[in-house]
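> This structure is in structure tokens; I'll ask about it shortly.
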Amino acid sequence: MIAMNIEILSIGDVTTDAFIDLSKAFIWHSGGIQKLCMSFGDKIPYKDLQIIDGVGNAANAAVCASRLGVRSVLYTFVGGDDFGQKAITRWKENGVNTDFVKMHDELQTHFHFVLRFGAERTILIKHEKWPYDISDIKTLKPKWIYLTSIGEHTEYFHEQLSSFLQENEDIKLAFQPGTFQISLLAQGKLSKLFARSDIFICNTQEAMLILNTQEQNPVKLLQKMAKKTKNPIVTDGPNGVYFVFENSMYHLPAYPDLKPPVDRTGAGDAFSATTISFLAKDSNLKEAIVYGPINSMSIVQYVGAQSGLLSTVEIEELLKSAPDEYKLKKII
């Protein structure tokens, strides 16, 4: 069984992704929203198909941390199918401890279809009802818990986790919510976890949903978020990232792409997990956050959310050669 010197315990659903590279599609702009469109009833040709096992926000974060030399444990569920077996093998090969990966023979490992069109993607998802329970992990005392996307019907587990964290104030919480968790936050639920988070990470669109606002300015969103949680981080795609540290607000631009992006899947996970990994190495937030966009830049050069993840040495080399404009700016 695992030693008790865990630096990051990553919690969340995992999946096998089937990347389908579309050729006959178009983008329709409607009411400020982009929609992926194809001809209804047609046979739609595609250019390529790639199947990648053992991904999803929590798994991506665990693999990212491990590549950065951080002791990483994954708490999640897989089915007793080939996809589940392949996922566990993949995580072990990447140095992730899988002692707390639960296999259920009667359920199927999540399988998502990622429709790629250019560098962007639309994902078709389906979640099983996994039996998350704090008793599975309550003996663990990690330095950080990294909580991310979990499917529906898990409100009870979030309540359990909130109580566990109240009883273990020395454990730090990083919360990067998924779709279901964002929906709960928008309803005013998960407020204790929201407030308890030592780092809370979302993008501008997610912040608008969580805050029930039409405000799009990332600085104003950050100000609203800072009233509800400690050290919020709001990402804004190619415009960079905005965050709070010691009651001041900062902006960090995106690290420039070394070549045109191939696929943006996993860019947010790479940024978030890299930042938390360097926090787990005892950097402060201003120090840790500058590494995140570098891993995001790398990940979008590959298909899938893990292939482009860098080591600490590789990230530090890219940081040394960063352009002059890649620097923190205090905004408030």
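Convention: chains lettered A, B, ... in structure tokens order; per-chain residue numbering from 1; ligands numbered from 1 as shown.
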Quick one: pick out all strand (DSSP E or B) residues within segment 158-297 of chain A from a backbone DSSP run and write them as a PDB file with N, CA, C and O atoms, in the first residue's frame.

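Resulting contents of part_14.pdb:
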ATOM      1  N   LYS A 172      -4.289  21.379   1.839  1.00  0.00           N
ATOM      2  CA  LYS A 172      -4.690  22.464   0.942  1.00  0.00           C
ATOM      3  C   LYS A 172      -5.565  21.907  -0.185  1.00  0.00           C
ATOM      4  O   LYS A 172      -5.371  20.778  -0.634  1.00  0.00           O
ATOM      5  N   LEU A 173      -6.513  22.736  -0.623  1.00  0.00           N
ATOM      6  CA  LEU A 173      -7.453  22.322  -1.667  1.00  0.00           C
ATOM      7  C   LEU A 173      -7.305  23.199  -2.906  1.00  0.00           C
ATOM      8  O   LEU A 173      -7.410  24.427  -2.830  1.00  0.00           O
ATOM      9  N   ALA A 174      -7.080  22.549  -4.050  1.00  0.00           N
ATOM     10  CA  ALA A 174      -7.169  23.199  -5.352  1.00  0.00           C
ATOM     11  C   ALA A 174      -8.434  22.682  -6.029  1.00  0.00           C
ATOM     12  O   ALA A 174      -8.633  21.473  -6.130  1.00  0.00           O
ATOM     13  N   PHE A 175      -9.294  23.585  -6.470  1.00  0.00           N
ATOM     14  CA  PHE A 175     -10.585  23.215  -7.044  1.00  0.00           C
ATOM     15  C   PHE A 175     -10.667  23.756  -8.459  1.00  0.00           C
ATOM     16  O   PHE A 175     -10.691  24.964  -8.679  1.00  0.00           O
ATOM     17  N   ILE A 199      -6.859  27.397  -3.737  1.00  0.00           N
ATOM     18  CA  ILE A 199      -6.748  27.867  -5.120  1.00  0.00           C
ATOM     19  C   ILE A 199      -8.020  27.432  -5.843  1.00  0.00           C
ATOM     20  O   ILE A 199      -8.411  26.267  -5.769  1.00  0.00           O
ATOM     21  N   PHE A 200      -8.653  28.356  -6.542  1.00  0.00           N
ATOM     22  CA  PHE A 200      -9.848  28.038  -7.332  1.00  0.00           C
ATOM     23  C   PHE A 200      -9.589  28.499  -8.755  1.00  0.00           C
ATOM     24  O   PHE A 200      -9.252  29.662  -8.987  1.00  0.00           O
ATOM     25  N   ILE A 201      -9.734  27.587  -9.724  1.00  0.00           N
ATOM     26  CA  ILE A 201      -9.364  27.876 -11.104  1.00  0.00           C
ATOM     27  C   ILE A 201     -10.537  27.625 -12.047  1.00  0.00           C
ATOM     28  O   ILE A 201     -11.150  26.552 -12.022  1.00  0.00           O
ATOM     29  N   CYS A 202     -10.840  28.619 -12.868  1.00  0.00           N
ATOM     30  CA  CYS A 202     -11.847  28.442 -13.917  1.00  0.00           C
ATOM     31  C   CYS A 202     -11.541  29.436 -15.039  1.00  0.00           C
ATOM     32  O   CYS A 202     -10.706  30.325 -14.878  1.00  0.00           O
ATOM     33  N   ASN A 203     -12.234  29.281 -16.165  1.00  0.00           N
ATOM     34  CA  ASN A 203     -12.053  30.245 -17.247  1.00  0.00           C
ATOM     35  C   ASN A 203     -13.144  31.311 -17.184  1.00  0.00           C
ATOM     36  O   ASN A 203     -14.041  31.255 -16.332  1.00  0.00           O
ATOM     37  N   PRO A 232      -8.495  33.180  -6.210  1.00  0.00           N
ATOM     38  CA  PRO A 232      -9.080  32.705  -7.473  1.00  0.00           C
ATOM     39  C   PRO A 232      -8.157  32.989  -8.652  1.00  0.00           C
ATOM     40  O   PRO A 232      -7.398  33.957  -8.642  1.00  0.00           O
ATOM     41  N   ILE A 233      -8.252  32.112  -9.650  1.00  0.00           N
ATOM     42  CA  ILE A 233      -7.508  32.270 -10.902  1.00  0.00           C
ATOM     43  C   ILE A 233      -8.523  32.170 -12.032  1.00  0.00           C
ATOM     44  O   ILE A 233      -9.274  31.191 -12.115  1.00  0.00           O
ATOM     45  N   VAL A 234      -8.558  33.167 -12.903  1.00  0.00           N
ATOM     46  CA  VAL A 234      -9.467  33.157 -14.054  1.00  0.00           C
ATOM     47  C   VAL A 234      -8.628  33.184 -15.325  1.00  0.00           C
ATOM     48  O   VAL A 234      -7.865  34.128 -15.558  1.00  0.00           O
ATOM     49  N   THR A 235      -8.758  32.136 -16.129  1.00  0.00           N
ATOM     50  CA  THR A 235      -8.019  32.068 -17.383  1.00  0.00           C
ATOM     51  C   THR A 235      -8.865  32.653 -18.506  1.00  0.00           C
ATOM     52  O   THR A 235     -10.090  32.548 -18.507  1.00  0.00           O
ATOM     53  N   VAL A 241      -3.922  34.946 -18.135  1.00  0.00           N
ATOM     54  CA  VAL A 241      -4.551  34.532 -16.889  1.00  0.00           C
ATOM     55  C   VAL A 241      -4.522  35.689 -15.893  1.00  0.00           C
ATOM     56  O   VAL A 241      -3.578  36.483 -15.853  1.00  0.00           O
ATOM     57  N   TYR A 242      -5.589  35.767 -15.103  1.00  0.00           N
ATOM     58  CA  TYR A 242      -5.735  36.787 -14.070  1.00  0.00           C
ATOM     59  C   TYR A 242      -5.865  36.084 -12.724  1.00  0.00           C
ATOM     60  O   TYR A 242      -6.580  35.083 -12.615  1.00  0.00           O
ATOM     61  N   PHE A 243      -5.209  36.617 -11.683  1.00  0.00           N
ATOM     62  CA  PHE A 243      -5.261  35.919 -10.406  1.00  0.00           C
ATOM     63  C   PHE A 243      -5.056  36.869  -9.238  1.00  0.00           C
ATOM     64  O   PHE A 243      -4.587  38.010  -9.405  1.00  0.00           O
ATOM     65  N   VAL A 244      -5.425  36.379  -8.068  1.00  0.00           N
ATOM     66  CA  VAL A 244      -5.281  37.128  -6.822  1.00  0.00           C
ATOM     67  C   VAL A 244      -4.190  36.493  -5.986  1.00  0.00           C
ATOM     68  O   VAL A 244      -4.141  35.264  -5.831  1.00  0.00           O
ATOM     69  N   PHE A 245      -3.306  37.334  -5.457  1.00  0.00           N
ATOM     70  CA  PHE A 245      -2.264  36.862  -4.545  1.00  0.00           C
ATOM     71  C   PHE A 245      -2.014  37.936  -3.504  1.00  0.00           C
ATOM     72  O   PHE A 245      -1.708  39.083  -3.850  1.00  0.00           O
ATOM     73  N   SER A 248      -3.742  41.332  -3.866  1.00  0.00           N
ATOM     74  CA  SER A 248      -3.489  42.102  -5.084  1.00  0.00           C
ATOM     75  C   SER A 248      -3.871  41.261  -6.295  1.00  0.00           C
ATOM     76  O   SER A 248      -3.899  40.029  -6.218  1.00  0.00           O
ATOM     77  N   MET A 249      -4.159  41.925  -7.410  1.00  0.00           N
ATOM     78  CA  MET A 249      -4.542  41.231  -8.632  1.00  0.00           C
ATOM     79  C   MET A 249      -3.457  41.386  -9.685  1.00  0.00           C
ATOM     80  O   MET A 249      -2.885  42.470  -9.844  1.00  0.00           O
ATOM     81  N   TYR A 250      -3.220  40.300 -10.406  1.00  0.00           N
ATOM     82  CA  TYR A 250      -2.141  40.264 -11.385  1.00  0.00           C
ATOM     83  C   TYR A 250      -2.637  39.681 -12.711  1.00  0.00           C
ATOM     84  O   TYR A 250      -3.631  38.936 -12.751  1.00  0.00           O
ATOM     85  N   HIS A 251      -1.910  40.011 -13.757  1.00  0.00           N
ATOM     86  CA  HIS A 251      -2.158  39.429 -15.071  1.00  0.00           C
ATOM     87  C   HIS A 251      -0.862  38.821 -15.591  1.00  0.00           C
ATOM     88  O   HIS A 251       0.219  39.400 -15.430  1.00  0.00           O
ATOM     89  N   LEU A 252      -0.981  37.640 -16.189  1.00  0.00           N
ATOM     90  CA  LEU A 252       0.151  36.984 -16.846  1.00  0.00           C
ATOM     91  C   LEU A 252      -0.272  36.640 -18.262  1.00  0.00           C
ATOM     92  O   LEU A 252      -1.276  35.942 -18.454  1.00  0.00           O
TER      93      LEU A 252
END
> Looking at A:Met38, A:Val219, A:Leu193, A:Leu285, which one is nearest to Asn239 of chain A, with distances taken over only C-alpha atoms?
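Checking each candidate against Asn239 of chain A, we get A:Val219 as the closest.
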> Show which residues sit within 12 Å of Ser149 of chain A, as a list in words. Count only C-alpha atoms, and ignore same-chain residues fewer than 6 positions away.
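Those residues are Ser10, Ile11, Gly12, Asp13, Val14, Thr15, Val55, Gly56, Asn57, Ala58, Ala59, Asn60, Ala61, Thr76, His127, His158, Phe175, Gln176, Pro177, Gly178, Thr179, Phe180, Gln181, Ile182, Ser183, Leu184, Cys202 and Asp269 of chain A.
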> Enter the distance from atom CA of Asp236 of chain A to atom CA of Thr148 of chain A, in Å, rounded to one decimal.
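Rounded to one decimal, the two atoms are 18.7 Å apart.
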> Could you pull out all residues of segment 172-311 of chain A with a DSSP call of alpha helix (DSSP H) and give them as JSON, numbers by chain?
{"A": [179, 180, 181, 182, 183, 184, 185, 186, 191, 192, 193, 194, 195, 196, 204, 205, 206, 207, 208, 209, 210, 211, 218, 219, 220, 221, 222, 223, 224, 225, 267, 268, 269, 270, 271, 272, 273, 274, 275, 276, 277, 278, 279, 280, 285, 286, 287, 288, 292, 293, 294, 295, 296, 297, 298, 299]}
> So, counting only C-alpha atoms, which residue among A:Cys64, A:Val101, A:Thr122, A:Lys327 is closest to Ser296 of chain A?
A:Cys64
> For each of A:Ile88, A:Val73, A:Ile210, A:Leu140, take the minimum atom-to-atom distance to Leu165 of chain A, counting only C-alpha atoms, then give the residue where this is smallest.
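Closest to Leu165 of chain A, using only C-alpha atoms: A:Leu140.
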> A:Ile332, A:Phe278, A:Ile150, A:Asp133: which is nearest Leu222 of chain A, counting only C-alpha atoms?
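Comparing A:Ile332, A:Phe278, A:Ile150, A:Asp133 against Leu222 of chain A, the winner is A:Ile332.
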> Rank A:Gln306, A:Asn284, A:Ile33, A:Asp257 by their smallest atom-to-atom distance to Gln205 of chain A, using only C-alpha atoms, and report the top residue only.
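Going through A:Gln306, A:Asn284, A:Ile33, A:Asp257 one by one, the smallest distance to Gln205 of chain A is for A:Ile33.
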